[in-house]
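Structure data (mmCIF, C-alpha atoms) from upload-v4.cif:
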data_run
loop_
_atom_site.group_PDB
_atom_site.id
_atom_site.type_symbol
_atom_site.label_atom_id
_atom_site.label_comp_id
_atom_site.auth_asym_id
_atom_site.auth_seq_id
_atom_site.Cartn_x
_atom_site.Cartn_y
_atom_site.Cartn_z
ATOM 1 C CA MET F 596 -33.262 16.763 -24.375
ATOM 2 C CA ASN F 597 -36.614 15.999 -25.818
ATOM 3 C CA GLY F 598 -36.779 12.375 -24.735
ATOM 4 C CA ARG F 599 -35.531 11.014 -28.058
ATOM 5 C CA LEU F 600 -32.172 9.371 -28.456
ATOM 6 C CA GLN F 601 -30.065 11.259 -30.964
ATOM 7 C CA GLY F 602 -27.767 8.861 -32.844
ATOM 8 C CA SER F 603 -26.966 5.389 -31.606
ATOM 9 C CA PHE F 604 -24.523 3.747 -29.265
ATOM 10 C CA ASP F 605 -23.326 0.189 -29.686
ATOM 11 C CA GLY F 606 -21.829 -0.763 -26.319
ATOM 12 C CA ARG F 607 -20.422 -4.013 -27.696
ATOM 13 C CA LYS F 608 -17.700 -2.137 -29.533
ATOM 14 C CA GLY F 609 -16.282 -0.564 -26.379
ATOM 15 C CA LEU F 610 -14.296 2.655 -26.205
ATOM 16 C CA ARG F 611 -11.180 3.620 -28.055
ATOM 17 C CA GLN F 612 -8.174 4.930 -26.215
ATOM 18 C CA GLY F 613 -8.417 8.706 -26.127
ATOM 19 C CA ASP F 614 -12.226 8.885 -26.197
ATOM 20 C CA LEU F 615 -13.228 11.959 -24.223
ATOM 21 C CA ILE F 616 -15.790 10.023 -22.187
ATOM 22 C CA SER F 617 -13.286 7.344 -21.063
ATOM 23 C CA PRO F 618 -12.137 9.068 -17.832
ATOM 24 C CA LEU F 619 -15.722 9.717 -16.739
ATOM 25 C CA LEU F 620 -16.759 6.137 -17.433
ATOM 26 C CA PHE F 621 -13.707 4.845 -15.557
ATOM 27 C CA VAL F 622 -14.594 6.895 -12.479
ATOM 28 C CA LEU F 623 -18.248 5.799 -12.618
ATOM 29 C CA VAL F 624 -17.351 2.128 -12.934
ATOM 30 C CA MET F 625 -14.793 2.328 -10.116
ATOM 31 C CA GLU F 626 -17.364 4.121 -7.952
ATOM 32 C CA TYR F 627 -19.676 1.163 -8.508
ATOM 33 C CA LEU F 628 -16.874 -1.208 -7.457
ATOM 34 C CA THR F 629 -16.140 0.884 -4.360
ATOM 35 C CA ARG F 630 -19.794 0.884 -3.309
ATOM 36 C CA LEU F 631 -20.058 -2.841 -3.896
ATOM 37 C CA LEU F 632 -16.978 -3.491 -1.765
ATOM 38 C CA ARG F 633 -18.342 -1.219 0.973
ATOM 39 C CA LEU F 634 -21.419 -3.453 1.071
ATOM 40 C CA VAL F 635 -19.142 -6.485 1.328
ATOM 41 C CA SER F 636 -17.283 -4.863 4.233
ATOM 42 C CA ARG F 637 -20.552 -4.562 6.181
ATOM 43 C CA HIS F 638 -20.969 -8.350 6.252
ATOM 44 C CA LYS F 639 -20.719 -9.633 9.818
ATOM 45 C CA ASP F 640 -17.844 -11.977 8.917
ATOM 46 C CA PHE F 641 -15.731 -9.417 7.056
ATOM 47 C CA ARG F 642 -12.665 -8.057 8.845
ATOM 48 C CA PHE F 643 -10.674 -5.047 7.677
ATOM 49 C CA HIS F 644 -6.923 -5.109 7.314
ATOM 50 C CA PRO F 645 -5.636 -3.904 10.719
ATOM 51 C CA MET F 646 -4.070 -0.736 9.260
ATOM 52 C CA CYS F 647 -7.240 0.047 7.269
ATOM 53 C CA LYS F 648 -9.817 -0.607 9.974
ATOM 54 C CA SER F 649 -10.181 2.933 11.330
ATOM 55 C CA LEU F 650 -10.737 4.292 7.807
ATOM 56 C CA HIS F 651 -12.947 1.366 6.717
ATOM 57 C CA LEU F 652 -10.653 1.179 3.697
ATOM 58 C CA VAL F 653 -11.206 -1.791 1.388
ATOM 59 C CA ASN F 654 -9.814 -0.586 -1.930
ATOM 60 C CA LEU F 655 -7.680 1.964 -3.715
ATOM 61 C CA PHE F 656 -7.693 2.381 -7.454
ATOM 62 C CA PHE F 657 -5.459 4.161 -9.868
ATOM 63 C CA VAL F 658 -5.517 4.370 -13.667
ATOM 64 C CA ASP F 659 -4.302 0.831 -14.189
ATOM 65 C CA ASP F 660 -4.067 -0.597 -10.680
ATOM 66 C CA LEU F 661 -6.529 -1.820 -8.093
ATOM 67 C CA ILE F 662 -5.460 -2.646 -4.547
ATOM 68 C CA LEU F 663 -7.849 -4.564 -2.285
ATOM 69 C CA PHE F 664 -7.367 -4.840 1.481
ATOM 70 C CA CYS F 665 -8.749 -7.231 4.074
ATOM 71 C CA LYS F 666 -7.628 -9.081 7.168
ATOM 72 C CA GLY F 667 -5.636 -12.188 6.338
ATOM 73 C CA ASN F 668 -8.324 -14.748 6.995
ATOM 74 C CA LEU F 669 -10.153 -17.037 4.611
ATOM 75 C CA ARG F 670 -13.660 -15.660 5.162
ATOM 76 C CA SER F 671 -12.709 -12.003 4.614
ATOM 77 C CA PHE F 672 -10.815 -12.905 1.462
ATOM 78 C CA GLN F 673 -13.723 -15.011 0.191
ATOM 79 C CA LEU F 674 -16.175 -12.150 0.760
ATOM 80 C CA LEU F 675 -13.853 -9.695 -1.008
ATOM 81 C CA PHE F 676 -13.334 -12.102 -3.900
ATOM 82 C CA ASP F 677 -17.092 -12.713 -4.192
ATOM 83 C CA GLY F 678 -17.699 -8.940 -4.290
ATOM 84 C CA PHE F 679 -15.093 -8.475 -7.007
ATOM 85 C CA SER F 680 -16.537 -11.429 -8.936
ATOM 86 C CA ARG F 681 -19.970 -9.819 -8.800
ATOM 87 C CA PHE F 682 -18.447 -6.595 -10.119
ATOM 88 C CA SER F 683 -16.808 -8.533 -12.961
ATOM 89 C CA GLN F 684 -20.076 -10.247 -13.883
ATOM 90 C CA ASN F 685 -22.004 -6.981 -13.883
ATOM 91 C CA SER F 686 -19.406 -4.840 -15.661
ATOM 92 C CA GLY F 687 -17.711 -7.339 -17.946
ATOM 93 C CA LEU F 688 -14.334 -6.192 -16.565
ATOM 94 C CA ILE F 689 -12.010 -8.878 -15.280
ATOM 95 C CA ALA F 690 -8.668 -8.839 -13.532
ATOM 96 C CA ASN F 691 -5.605 -9.933 -15.453
ATOM 97 C CA LEU F 692 -4.537 -12.769 -13.165
ATOM 98 C CA ASN F 693 -1.141 -12.956 -14.864
ATOM 99 C CA LYS F 694 -0.392 -9.423 -13.628
ATOM 100 C CA SER F 695 -2.065 -9.814 -10.223
ATOM 101 C CA GLN F 696 -0.450 -10.646 -6.901
ATOM 102 C CA VAL F 697 -1.635 -11.279 -3.370
ATOM 103 C CA PHE F 698 0.503 -10.212 -0.418
ATOM 104 C CA PHE F 699 0.379 -11.738 3.051
ATOM 105 C CA GLY F 700 1.677 -10.558 6.379
ATOM 106 C CA GLY F 701 1.632 -12.531 9.611
ATOM 107 C CA ILE F 702 -0.667 -15.392 8.635
ATOM 108 C CA SER F 703 -0.167 -19.139 8.728
ATOM 109 C CA THR F 704 0.864 -21.250 5.769
ATOM 110 C CA GLU F 705 -2.455 -23.104 6.068
ATOM 111 C CA VAL F 706 -4.471 -19.888 5.611
ATOM 112 C CA LYS F 707 -2.227 -18.798 2.700
ATOM 113 C CA THR F 708 -2.780 -22.127 0.974
ATOM 114 C CA SER F 709 -6.549 -21.871 1.471
ATOM 115 C CA ILE F 710 -6.661 -18.349 0.076
ATOM 116 C CA LEU F 711 -4.455 -19.200 -2.887
ATOM 117 C CA SER F 712 -6.732 -22.152 -3.688
ATOM 118 C CA ILE F 713 -9.664 -19.767 -4.226
ATOM 119 C CA VAL F 714 -8.050 -17.886 -7.080
ATOM 120 C CA PRO F 715 -4.867 -18.648 -9.022
ATOM 121 C CA ILE F 716 -2.931 -15.496 -8.183
ATOM 122 C CA GLU F 717 0.806 -15.383 -7.624
ATOM 123 C CA GLU F 718 1.989 -14.650 -4.091
ATOM 124 C CA GLY F 719 3.983 -11.431 -3.949
ATOM 125 C CA THR F 720 6.877 -10.793 -1.587
ATOM 126 C CA PHE F 721 7.926 -7.886 0.588
ATOM 127 C CA PRO F 722 9.436 -5.375 0.431
ATOM 128 C CA LEU F 723 7.269 -4.182 -2.429
ATOM 129 C CA LYS F 724 7.938 -0.931 -4.266
ATOM 130 C CA TYR F 725 4.818 0.762 -5.579
ATOM 131 C CA LEU F 726 5.026 4.171 -7.273
ATOM 132 C CA GLY F 727 8.489 4.551 -5.754
ATOM 133 C CA VAL F 728 7.287 3.897 -2.196
ATOM 134 C CA THR F 729 8.435 0.833 -0.262
ATOM 135 C CA LEU F 730 5.427 -0.991 1.137
ATOM 136 C CA ARG F 731 5.661 -3.502 3.951
ATOM 137 C CA PRO F 732 3.209 -5.465 6.089
ATOM 138 C CA THR F 733 4.122 -3.531 9.246
ATOM 139 C CA LYS F 734 3.385 0.033 10.274
ATOM 140 C CA TRP F 735 5.151 2.735 8.322
ATOM 141 C CA LYS F 736 7.894 4.831 9.788
ATOM 142 C CA ALA F 737 8.342 8.531 9.052
ATOM 143 C CA ALA F 738 11.308 7.676 6.826
ATOM 144 C CA ASP F 739 9.013 5.552 4.612
ATOM 145 C CA CYS F 740 7.136 8.701 3.633
ATOM 146 C CA GLY F 741 10.261 10.610 2.619
ATOM 147 C CA VAL F 742 9.957 9.501 -0.996
ATOM 148 C CA ILE F 743 6.420 10.853 -1.172
ATOM 149 C CA ILE F 744 7.287 14.122 0.541
ATOM 150 C CA ASN F 745 10.304 14.647 -1.751
ATOM 151 C CA GLN F 746 8.074 14.237 -4.822
ATOM 152 C CA ILE F 747 5.633 16.982 -3.804
ATOM 153 C CA GLN F 748 6.098 20.031 -6.021
ATOM 154 C CA TYR F 749 5.058 23.421 -4.697
#
As structure tokens, what does this structure read like?
Amino acid sequence: MNGRLQGSFDGRKGLRQGDLISPLLFVLVMEYLTRLLRLVSRHKDFRFHPMCKSLHLVNLFFVDDLILFCKGNLRSFQLLFDGFSRFSQNSGLIANLNKSQVFFGGISTEVKTSILSIVPIEEGTFPLKYLGVTLRPTKWKAADCGVIINQIQY
């Protein structure tokens, strides 16, 4: 590197599927989202989902899925939504609301209605199967992990 830019890059065109740099860019962008959501989780009014509290877990991402976690109260959801909105503004990436769902467990109808008024996302229902694993709003049992354990190849 001699300080000169060799060639040009027009970021408005985006990347094509199969570009070698795509996986690296995906990881970098998702790292930015993760750090942004960690900042959100430090807000005094933010509360973690009860099963994520000890890990300070706010998000998980996969190739084409993003899962966000927070306690089922209006303020935590608003903070999480504001953090994701900031990410969208900065990155130009937006969620496909037609393919998005929000799941609730153990909260009042009033709180659900308030949360659903913030963003027009469909309410999902339990039990939910994700990657072959049944997810539920309560603690997992050992039997719930059987599907995962059976898929592990040695």
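The neighbours of region 668-685 of chain F here are the residues that come within 6 Å of it, using all atoms listed in the file and leaving out any residue fewer than 3 positions away in the same chain; they are F:Phe641, F:Arg642, F:Leu688, F:Ile689, F:Ile710.
When the PyMOL selection byres ((chain F and resi 696) around 8) is evaluated against the file, it yields F:Leu692, F:Lys694, F:Ser695, F:Val697, F:Phe698, F:Ile716, F:Glu717, F:Glu718, F:Gly719.
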Find the axis-aligned box for region 662-665 of chain F, covering all its listed atoms and adding 4 Å on each side, and write its centre and edge lengths in Å to one decimal as lines of an AutoDock Vina configuration file.
center_x = -7.1
center_y = -4.9
center_z = -0.2
size_x = 11.3
size_y = 12.6
size_z = 16.6
Point-to-point distance from CA of Pro732 (chain F) to CA of Gly700 (chain F), Å rounded to tenths: 5.3 Å
Exercise: residues within 12 Å of coordinate (-11.7, -2.4, 5.2), counting all atoms listed in the file, as a ChimeraX atom specification: /F:629,632-638,640-655,662-667,671-672,674-675
Computed interatomic separation between CA of Thr729 (chain F) and CA of Ile702 (chain F) (Å): 20.6 Å
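One distance worth recording is that between CA of Ser712 (chain F) and CA of Ala690 (chain F), which is 16.7 Å.
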